[in-house]
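A.B. asks: Handing you a structure now.
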Number of protein chains: 2
Amino acid sequence: MTPPKAPAAPQSGPRDQILESTIHLMRQSGLSGAGINQILAHSGAPKGSMYYYFPGGKQQITSEALTLYGRRIADAFETALSSKNEPAGMIRALFRLIADRLEQGTFDQSCAAGAVVLDLGPEVGDIRNVVADVLASWRTVIARHLPMRSRDKRESFAGLVISAIEGGYILGRAERSTAPLLEAGAWLALLVKND
Amino acid sequence: MTPPKAPAAPQSGPRDQILESTIHLMRQSGLSGAGINQILAHSGAPKGSMYYYFPGGKQQITSEALTLYGRRIADAFETALSSKNEPAGMIRALFRLIADRLEQGTFDQSCAAGAVVLDLGPEVGDIRNVVADVLASWRTVIARHLPMRSRDKRESFAGLVISAIEGGYILGRAERSTAPLLEAGAWLALLVKND
């Protein structure tokens, strides 16, 4: 008997490369940094493949990249939160994760969702909704790990955590330092309580 | 005796209009939204006046606009913090001020400093320093009003407040809601203590 054939390993083709480059560029400077020409230059993908894989153009590429990025970060949040048994440690682990990401991106990369929101003109409703969905998914992941009895309090505190992360990225990039994120984590660890 | 002549009221000439338009555009979409052509279109200033008043071009306009914006917000912070006698009320007043600004800008305008930071490529060192100075000036204003005995704690908590404001703007624009800012203010009001 021949063993069943192993499924092919997922290949990183032009489609994936385009999405990864879009995420990279959005983390650096939002929508304005992720133009079609910049994505082509960064990914090395031929122009034809761009329109072949993404007939909806920049709107489609940006939406898919944000959604992929959102799931990846939700998974990273889940892992960080699950690594600790008590709430204060969870919060510190979450901010440590983000501080490490800021440092790995040499203080030039932050959160794609945050950078895109601050780039939106009044006309770009669709992308704003994609970002809102991403932020809501992160809020759900964080809230599920919080100890407060009231669901409203868990959701509200999770929102504060995300605000402090997004703003900590801004201060961290401006100061080229992880201190704003780590200090925010230490303060919020004092505030998270079983009540 | 003739009374001394009153000083002329400050006039809003093309120079001021250019700076105000730059602030408006940066609050909407950062550096990428505040190109020379966009500033001209928004301000109605003739192209010649742009180069007459700002021979350093976009770099000079952006730096001056950010500095002017920074002073204006520092003054608004000072007024909000001085309006209350106890720390929790001060923190809530600060976040109420920002929530009102977000609403007045119909959720399309946030903080010029934050939007500019998330637009920076690795090459734009000078503007990053201007933003870092603006953020540091706000930290000083807030820290001065905080009740903690330790200066380090006052500075650190002031940093958390600014992070929560910057991130609350991001969530607020994405959700078109003042709730993230007001909830962040309510949580941080619980955390600010005389110790």
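We label chains A, B, ... in the order they appear in the structure tokens, count residues from 1 in each chain, and number ligands from 1 in the order shown.
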Report as a Markdown table: every residue of chain B with an atom at most 7 Å from chain A, its closest pair of atoms, and their distance in Å to one decimal, counting only C-alpha atoms, with rows sorted by chain and ascending residue number.

C.D. replies:
```
| residue | atom | partner | partner_atom | distance |
| --- | --- | --- | --- | --- |
| B:Gln28 | CA | A:Gly121 | CA | 6.6 |
| B:Ser29 | CA | A:Asp119 | CA | 4.1 |
| B:Gly30 | CA | A:Asp119 | CA | 6.5 |
| B:Ser32 | CA | A:Ser32 | CA | 6.2 |
| B:Asp108 | CA | A:Pro122 | CA | 6.1 |
| B:Gly114 | CA | A:Ile170 | CA | 6.0 |
| B:Ala115 | CA | A:Leu118 | CA | 5.3 |
| B:Val117 | CA | A:Ala174 | CA | 6.3 |
| B:Leu118 | CA | A:Ala115 | CA | 5.3 |
| B:Asp119 | CA | A:Ser29 | CA | 4.1 |
| B:Leu120 | CA | A:Ser29 | CA | 6.0 |
| B:Gly121 | CA | A:Gln28 | CA | 6.6 |
| B:Pro122 | CA | A:Asp108 | CA | 6.1 |
| B:Arg128 | CA | A:Ala174 | CA | 5.8 |
| B:Val131 | CA | A:Ala174 | CA | 6.5 |
| B:Ala132 | CA | A:Ala174 | CA | 5.1 |
| B:Ser156 | CA | A:Glu183 | CA | 6.6 |
| B:Gly159 | CA | A:Pro180 | CA | 6.5 |
| B:Leu160 | CA | A:Ala184 | CA | 5.2 |
| B:Ser163 | CA | A:Gly167 | CA | 3.9 |
| B:Ala164 | CA | A:Ala164 | CA | 4.6 |
| B:Ile165 | CA | A:Gly167 | CA | 6.9 |
| B:Glu166 | CA | A:Gly167 | CA | 4.6 |
| B:Gly167 | CA | A:Ser163 | CA | 3.9 |
| B:Gly168 | CA | A:Ser163 | CA | 5.0 |
| B:Ile170 | CA | A:Gly114 | CA | 6.0 |
| B:Leu171 | CA | A:Ser163 | CA | 6.7 |
| B:Arg173 | CA | A:Val117 | CA | 6.9 |
| B:Ala174 | CA | A:Ala132 | CA | 5.1 |
| B:Glu175 | CA | A:Ala132 | CA | 5.9 |
| B:Pro180 | CA | A:Gly159 | CA | 6.5 |
| B:Glu183 | CA | A:Ser156 | CA | 6.6 |
| B:Ala184 | CA | A:Leu160 | CA | 5.2 |
| B:Leu191 | CA | A:Leu191 | CA | 6.5 |
```

A.B. asks: How would the residues just chosen look if you wrote them out with N, CA, C and O atoms as a short mmCIF file (atom, residue, chain, number, x, y, z; two decimals), in the first residue's frame?

C.D. replies:
```cif
data_model
loop_
_atom_site.label_atom_id
_atom_site.label_comp_id
_atom_site.auth_asym_id
_atom_site.auth_seq_id
_atom_site.Cartn_x
_atom_site.Cartn_y
_atom_site.Cartn_z
N GLN B 28 -6.97 65.52 9.17
CA GLN B 28 -7.81 64.59 8.41
C GLN B 28 -7.03 63.37 7.94
O GLN B 28 -7.47 62.24 8.12
N SER B 29 -5.86 63.59 7.33
CA SER B 29 -5.15 62.43 6.77
C SER B 29 -3.64 62.58 6.80
O SER B 29 -2.94 62.00 5.97
N GLY B 30 -3.13 63.30 7.79
CA GLY B 30 -1.69 63.33 8.00
C GLY B 30 -0.93 64.05 6.91
O GLY B 30 -1.48 64.87 6.18
N SER B 32 0.24 62.94 4.13
CA SER B 32 -0.13 62.59 2.76
C SER B 32 -1.29 63.44 2.26
O SER B 32 -1.43 63.66 1.06
N ASP B 108 -14.10 62.87 11.07
CA ASP B 108 -13.13 62.80 9.98
C ASP B 108 -11.82 63.50 10.34
O ASP B 108 -10.87 63.47 9.56
N GLY B 114 -0.71 62.74 15.72
CA GLY B 114 -0.88 61.30 15.54
C GLY B 114 -0.96 60.92 14.07
O GLY B 114 -0.30 59.96 13.63
N ALA B 115 -1.74 61.67 13.31
CA ALA B 115 -1.90 61.33 11.89
C ALA B 115 -0.59 61.49 11.13
O ALA B 115 -0.29 60.72 10.22
N VAL B 117 2.53 61.16 12.45
CA VAL B 117 3.46 60.09 12.85
C VAL B 117 3.21 58.82 12.06
O VAL B 117 4.15 58.15 11.63
N LEU B 118 1.93 58.49 11.85
CA LEU B 118 1.61 57.23 11.18
C LEU B 118 1.74 57.34 9.67
O LEU B 118 1.44 56.40 8.94
N ASP B 119 2.20 58.47 9.20
CA ASP B 119 2.42 58.69 7.77
C ASP B 119 3.89 58.75 7.42
O ASP B 119 4.25 58.89 6.25
N LEU B 120 4.74 58.68 8.43
CA LEU B 120 6.16 58.93 8.19
C LEU B 120 6.86 57.74 7.58
O LEU B 120 6.77 56.63 8.10
N GLY B 121 7.55 57.94 6.49
CA GLY B 121 8.50 56.94 6.01
C GLY B 121 9.79 57.09 6.81
O GLY B 121 9.96 58.06 7.56
N PRO B 122 10.70 56.12 6.65
CA PRO B 122 11.96 56.16 7.42
C PRO B 122 12.79 57.41 7.13
O PRO B 122 13.64 57.77 7.93
N ARG B 128 9.47 64.06 12.27
CA ARG B 128 9.28 63.20 13.44
C ARG B 128 9.74 63.91 14.71
O ARG B 128 9.07 63.84 15.75
N VAL B 131 7.11 66.42 15.84
CA VAL B 131 5.99 65.75 16.51
C VAL B 131 6.40 65.30 17.91
O VAL B 131 5.64 65.46 18.87
N ALA B 132 7.61 64.75 18.04
CA ALA B 132 8.07 64.30 19.36
C ALA B 132 8.10 65.48 20.34
O ALA B 132 7.70 65.35 21.51
N SER B 156 4.89 59.34 33.54
CA SER B 156 4.47 58.08 32.96
C SER B 156 2.95 58.04 32.78
O SER B 156 2.44 57.64 31.73
N GLY B 159 1.89 60.13 29.95
CA GLY B 159 2.11 59.42 28.69
C GLY B 159 0.95 58.47 28.39
O GLY B 159 0.48 58.38 27.25
N LEU B 160 0.48 57.76 29.42
CA LEU B 160 -0.68 56.87 29.24
C LEU B 160 -1.90 57.67 28.78
O LEU B 160 -2.64 57.24 27.89
N SER B 163 -1.45 58.50 25.15
CA SER B 163 -1.67 57.29 24.34
C SER B 163 -3.15 56.97 24.22
O SER B 163 -3.65 56.64 23.14
N ALA B 164 -3.86 57.05 25.34
CA ALA B 164 -5.29 56.72 25.32
C ALA B 164 -6.07 57.72 24.47
O ALA B 164 -7.06 57.36 23.82
N ILE B 165 -5.63 58.98 24.47
CA ILE B 165 -6.28 59.98 23.62
C ILE B 165 -6.01 59.68 22.14
O ILE B 165 -6.94 59.64 21.32
N GLU B 166 -4.76 59.45 21.81
CA GLU B 166 -4.41 59.19 20.40
C GLU B 166 -5.11 57.93 19.89
O GLU B 166 -5.63 57.90 18.78
N GLY B 167 -5.10 56.88 20.72
CA GLY B 167 -5.76 55.65 20.31
C GLY B 167 -7.28 55.76 20.33
O GLY B 167 -7.97 55.18 19.49
N GLY B 168 -7.79 56.55 21.28
CA GLY B 168 -9.24 56.77 21.33
C GLY B 168 -9.75 57.50 20.09
O GLY B 168 -10.86 57.26 19.62
N ILE B 170 -8.42 57.03 17.16
CA ILE B 170 -8.44 56.00 16.11
C ILE B 170 -9.71 55.17 16.20
O ILE B 170 -10.44 55.00 15.22
N LEU B 171 -10.02 54.66 17.41
CA LEU B 171 -11.24 53.87 17.57
C LEU B 171 -12.47 54.73 17.28
O LEU B 171 -13.43 54.26 16.66
N ARG B 173 -12.79 57.36 15.31
CA ARG B 173 -12.99 57.60 13.87
C ARG B 173 -13.49 56.34 13.19
O ARG B 173 -14.37 56.40 12.34
N ALA B 174 -12.93 55.18 13.56
CA ALA B 174 -13.35 53.93 12.92
C ALA B 174 -14.82 53.63 13.23
O ALA B 174 -15.57 53.21 12.36
N GLU B 175 -15.21 53.88 14.49
CA GLU B 175 -16.59 53.55 14.91
C GLU B 175 -17.54 54.74 14.75
O GLU B 175 -18.73 54.61 15.04
N PRO B 180 -15.40 55.48 22.68
CA PRO B 180 -14.07 55.00 23.09
C PRO B 180 -13.29 56.04 23.91
O PRO B 180 -12.62 55.68 24.88
N GLU B 183 -15.09 56.47 27.44
CA GLU B 183 -14.87 55.29 28.29
C GLU B 183 -13.42 55.24 28.77
O GLU B 183 -13.14 54.90 29.93
N ALA B 184 -12.49 55.56 27.88
CA ALA B 184 -11.07 55.60 28.30
C ALA B 184 -10.89 56.61 29.42
O ALA B 184 -10.20 56.35 30.42
N LEU B 191 -7.99 55.45 37.91
CA LEU B 191 -6.60 55.03 38.14
C LEU B 191 -5.75 56.17 38.70
O LEU B 191 -4.71 55.92 39.32
#
```

A.B. asks: Need the shell around range 64-70 of chain B: protein/DNA/RNA residues with any atom at most 6 Å away, counting only C-alpha atoms. Skip same-chain ones fewer than 3 positions apart. Format as a PyMOL selection string?

C.D. replies: chain B and resi 19+23+61+73+134

A.B. asks: Take the residues that were just selected and, keeping N, CA and C atoms, output them as a PDB file, in the first residue's frame.

C.D. replies:
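Generated file (part.pdb):
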```pdb
ATOM      1  N   LEU B  19      -1.382  78.110   7.105  1.00  0.00           N
ATOM      2  CA  LEU B  19      -1.122  77.252   8.279  1.00  0.00           C
ATOM      3  C   LEU B  19      -2.406  76.586   8.770  1.00  0.00           C
ATOM      4  N   ILE B  23      -3.134  72.558   9.039  1.00  0.00           N
ATOM      5  CA  ILE B  23      -3.587  71.863  10.255  1.00  0.00           C
ATOM      6  C   ILE B  23      -4.842  71.054   9.948  1.00  0.00           C
ATOM      7  N   ILE B  61       6.285  74.492   6.053  1.00  0.00           N
ATOM      8  CA  ILE B  61       4.854  74.672   6.331  1.00  0.00           C
ATOM      9  C   ILE B  61       4.388  73.640   7.355  1.00  0.00           C
ATOM     10  N   ILE B  73      -3.263  73.056  21.292  1.00  0.00           N
ATOM     11  CA  ILE B  73      -3.789  71.921  22.060  1.00  0.00           C
ATOM     12  C   ILE B  73      -3.256  71.957  23.494  1.00  0.00           C
ATOM     13  N   VAL B 134       6.182  68.180  20.190  1.00  0.00           N
ATOM     14  CA  VAL B 134       4.789  68.526  20.492  1.00  0.00           C
ATOM     15  C   VAL B 134       4.235  67.576  21.563  1.00  0.00           C
TER      16      VAL B 134
END
```

A.B. asks: So that I can see what lies close to Met90 in chain B, please list as a ChimeraX atom specification the residues with an atom at most 7 Å from it, counting only C-alpha atoms and leaving out residues fewer than 5 positions away in the same chain.

C.D. replies: /B:80-81,84

A.B. asks: One decimal, Å: what's the distance from CA of Leu97 in chain B over to CA of Phe77 in chain B, could you say?

C.D. replies: 8.1 Å

A.B. asks: Need to verify the contact set: Ile36 in chain A, 10 Å, only C-alpha atoms, exclusion of same-chain residues closer than 6 positions in sequence. Can you return it as a ChimeraX atom specification?

C.D. replies: /A:18,22,42,47,50,57-58,61

A.B. asks: I need the residues of chain B that end up classed as helix (DSSP H, G or I) by DSSP on the backbone, written out as number ranges by chain.

C.D. replies: B: 14-33, 36-43, 47-53, 57-82, 87-104, 112-117, 125-145, 151-175, 179-191

A.B. asks: Please indicate the distance in Å from CA of Ser63 in chain A to CA of Asp16 in chain A, rounded to one decimal place.

C.D. replies: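 Taking CA of Ser63 in chain A as the start and CA of Asp16 in chain A as the end point, the length is 13.8 Å.
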
A.B. asks: Got a sec: who's within 10 Å of Pro46 in chain A, counting only C-alpha atoms, leaving out chain neighbours fewer than 5 positions off, as a list in words?

C.D. replies: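 Those residues are Pro14, Ile18, Leu40, Ala41 and Tyr51 of chain A.
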